[in-house]
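Structure file upload.pdb (PDB, C-alpha atoms, pLDDT in the B column) is printed below.
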```
MODEL        1
ATOM      1  CA  MET A 267     -28.043 -56.400 -30.775  1.00 50.00           C
ATOM      2  CA  ALA A 268     -31.069 -56.117 -28.506  1.00 53.00           C
ATOM      3  CA  LEU A 269     -30.901 -56.790 -24.798  1.00 54.00           C
ATOM      4  CA  ASP A 270     -32.546 -60.000 -23.716  1.00 56.00           C
ATOM      5  CA  ASN A 271     -33.252 -61.314 -20.247  1.00 53.00           C
ATOM      6  CA  GLU A 272     -30.438 -63.847 -20.436  1.00 57.00           C
ATOM      7  CA  GLY A 273     -27.701 -61.271 -20.993  1.00 51.00           C
ATOM      8  CA  PHE A 274     -28.956 -58.691 -18.546  1.00 58.00           C
ATOM      9  CA  ARG A 275     -29.887 -60.927 -15.612  1.00 63.00           C
ATOM     10  CA  PHE A 276     -26.381 -62.119 -14.824  1.00 66.00           C
ATOM     11  CA  ILE A 277     -24.760 -58.720 -14.136  1.00 72.00           C
ATOM     12  CA  LYS A 278     -23.872 -59.060 -10.466  1.00 76.00           C
ATOM     13  CA  ASP A 279     -20.362 -57.645 -10.166  1.00 80.00           C
ATOM     14  CA  GLU A 280     -17.731 -55.580 -12.003  1.00 80.00           C
ATOM     15  CA  LYS A 281     -16.450 -58.510 -14.058  1.00 82.00           C
ATOM     16  CA  ASP A 282     -19.948 -59.304 -15.343  1.00 80.00           C
ATOM     17  CA  TRP A 283     -20.459 -55.623 -16.204  1.00 79.00           C
ATOM     18  CA  ASP A 284     -17.176 -55.482 -18.172  1.00 80.00           C
ATOM     19  CA  ASN A 285     -18.123 -58.636 -20.075  1.00 81.00           C
ATOM     20  CA  PHE A 286     -21.544 -57.148 -20.847  1.00 80.00           C
ATOM     21  CA  ILE A 287     -19.969 -53.916 -22.163  1.00 79.00           C
ATOM     22  CA  LYS A 288     -17.606 -55.886 -24.431  1.00 81.00           C
ATOM     23  CA  ARG A 289     -20.314 -58.246 -25.689  1.00 83.00           C
ATOM     24  CA  GLU A 290     -22.751 -55.442 -26.546  1.00 83.00           C
ATOM     25  CA  LYS A 291     -19.941 -53.233 -27.971  1.00 82.00           C
ATOM     26  CA  LEU A 292     -20.901 -50.310 -25.732  1.00 80.00           C
ATOM     27  CA  LYS A 293     -18.749 -47.455 -24.477  1.00 79.00           C
ATOM     28  CA  ASP A 294     -18.208 -47.574 -20.706  1.00 72.00           C
ATOM     29  CA  TYR A 295     -18.474 -43.924 -19.665  1.00 75.00           C
ATOM     30  CA  SER A 296     -17.436 -44.698 -16.086  1.00 75.00           C
ATOM     31  CA  LYS A 297     -13.871 -45.338 -17.306  1.00 76.00           C
ATOM     32  CA  ILE A 298     -13.526 -41.986 -19.152  1.00 80.00           C
ATOM     33  CA  PRO A 299     -12.181 -39.128 -16.994  1.00 86.00           C
ATOM     34  CA  VAL A 300     -14.349 -36.019 -16.813  1.00 85.00           C
ATOM     35  CA  LYS A 301     -12.725 -32.714 -17.747  1.00 88.00           C
ATOM     36  CA  ARG A 302     -13.665 -29.458 -16.066  1.00 87.00           C
ATOM     37  CA  ALA A 303     -15.335 -26.878 -18.283  1.00 86.00           C
ATOM     38  CA  HIS A 304     -13.643 -23.499 -18.732  1.00 88.00           C
ATOM     39  CA  VAL A 305     -15.981 -20.688 -17.667  1.00 86.00           C
ATOM     40  CA  LYS A 306     -15.698 -17.591 -19.873  1.00 90.00           C
ATOM     41  CA  GLY A 307     -17.397 -14.303 -20.606  1.00 92.00           C
ATOM     42  CA  TRP A 308     -20.566 -13.140 -18.858  1.00 94.00           C
ATOM     43  CA  VAL A 309     -20.906 -16.451 -16.995  1.00 93.00           C
ATOM     44  CA  LYS A 310     -17.598 -15.828 -15.205  1.00 92.00           C
ATOM     45  CA  PHE A 311     -18.778 -12.310 -14.324  1.00 94.00           C
ATOM     46  CA  ALA A 312     -22.087 -13.709 -13.019  1.00 95.00           C
ATOM     47  CA  PHE A 313     -20.288 -16.178 -10.730  1.00 93.00           C
ATOM     48  CA  ILE A 314     -18.025 -13.426  -9.374  1.00 95.00           C
ATOM     49  CA  PHE A 315     -21.093 -11.254  -8.693  1.00 97.00           C
ATOM     50  CA  LEU A 316     -22.830 -14.198  -7.017  1.00 97.00           C
ATOM     51  CA  ARG A 317     -19.888 -14.730  -4.652  1.00 97.00           C
ATOM     52  CA  ILE A 318     -19.871 -11.044  -3.723  1.00 98.00           C
ATOM     53  CA  TYR A 319     -23.649 -11.141  -3.139  1.00 98.00           C
ATOM     54  CA  ILE A 320     -23.347 -14.185  -0.858  1.00 98.00           C
ATOM     55  CA  VAL A 321     -20.606 -12.546   1.219  1.00 98.00           C
ATOM     56  CA  ILE A 322     -22.670  -9.338   1.611  1.00 97.00           C
ATOM     57  CA  MET A 323     -25.752 -11.338   2.646  1.00 97.00           C
ATOM     58  CA  LEU A 324     -23.745 -13.327   5.222  1.00 97.00           C
ATOM     59  CA  VAL A 325     -22.359 -10.101   6.695  1.00 95.00           C
ATOM     60  CA  LEU A 326     -25.861  -8.624   6.883  1.00 94.00           C
ATOM     61  CA  ILE A 327     -27.188 -11.765   8.590  1.00 94.00           C
ATOM     62  CA  VAL A 328     -24.412 -11.668  11.195  1.00 94.00           C
ATOM     63  CA  LEU A 329     -25.023  -7.964  11.810  1.00 92.00           C
ATOM     64  CA  GLY A 330     -28.757  -8.655  12.127  1.00 91.00           C
ATOM     65  CA  PHE A 331     -28.219 -11.369  14.720  1.00 92.00           C
ATOM     66  CA  LEU A 332     -25.943  -9.057  16.678  1.00 92.00           C
ATOM     67  CA  ASN A 333     -28.664  -6.339  16.561  1.00 87.00           C
ATOM     68  CA  ILE A 334     -26.202  -3.813  15.196  1.00 76.00           C
ATOM     69  CA  ILE A 335     -28.410  -2.716  12.325  1.00 62.00           C
TER
ENDMDL
END
```
In structure tokens, how does this file's structure come out?
Amino acid sequence: MALDNEGFRFIKDEKDWDNFIKREKLKDYSKIPVKRAHVKGWVKFAFIFLRIYIVIMLVLIVLGFLNII
């Protein structure tokens, strides 16, 4: 069923949105909980390396501001 101006114009609150979803037989993705993805393999290694890199850079910045290096 195609959207027409009559059906789409009257969505003003949550109740109107729920009625629209039911009438058009759509799936309301805002009601489905989002699951966290499991990070595996080389991607997990890359994120660990990235954390180590950030810590090293922060230490170097602090040492630079303190004029130790």
Around all the atoms of range 308-320 of chain A listed in the file, draw an axis-aligned box and extend it by 4 Å on each of the six sides; I want its centre and edge lengths in Å to one decimal, as AutoDock Vina command-line options.
```
--center_x -20.6 --center_y -13.7 --center_z -9.9 --size_x 14.1 --size_y 13.4 --size_z 26.0
```
In Å, how far is it from CA of Trp283 in chain A to CA of Ser296 in chain A?
->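 Between CA of Trp283 in chain A and CA of Ser296 in chain A the gap works out to 11.3 Å.
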Rounded to one decimal in Å, what is the spacing between CA of Val309 in chain A and CA of Val325 in chain A?
->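 According to the coordinates, CA of Val309 in chain A and CA of Val325 in chain A are separated by 24.6 Å.
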Within 12 Å of Lys297 in chain A, counting only C-alpha atoms, which residues show up once you throw out same-chain ones fewer than 3 positions away? Write them as JSON, numbers by chain, please.
-> {"A": [284, 287, 293, 294, 300]}
So how many Å separate CA of Leu326 in chain A and CA of Trp308 in chain A, to one decimal?
->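 We find that CA of Leu326 in chain A and CA of Trp308 in chain A lie 26.7 Å from each other.
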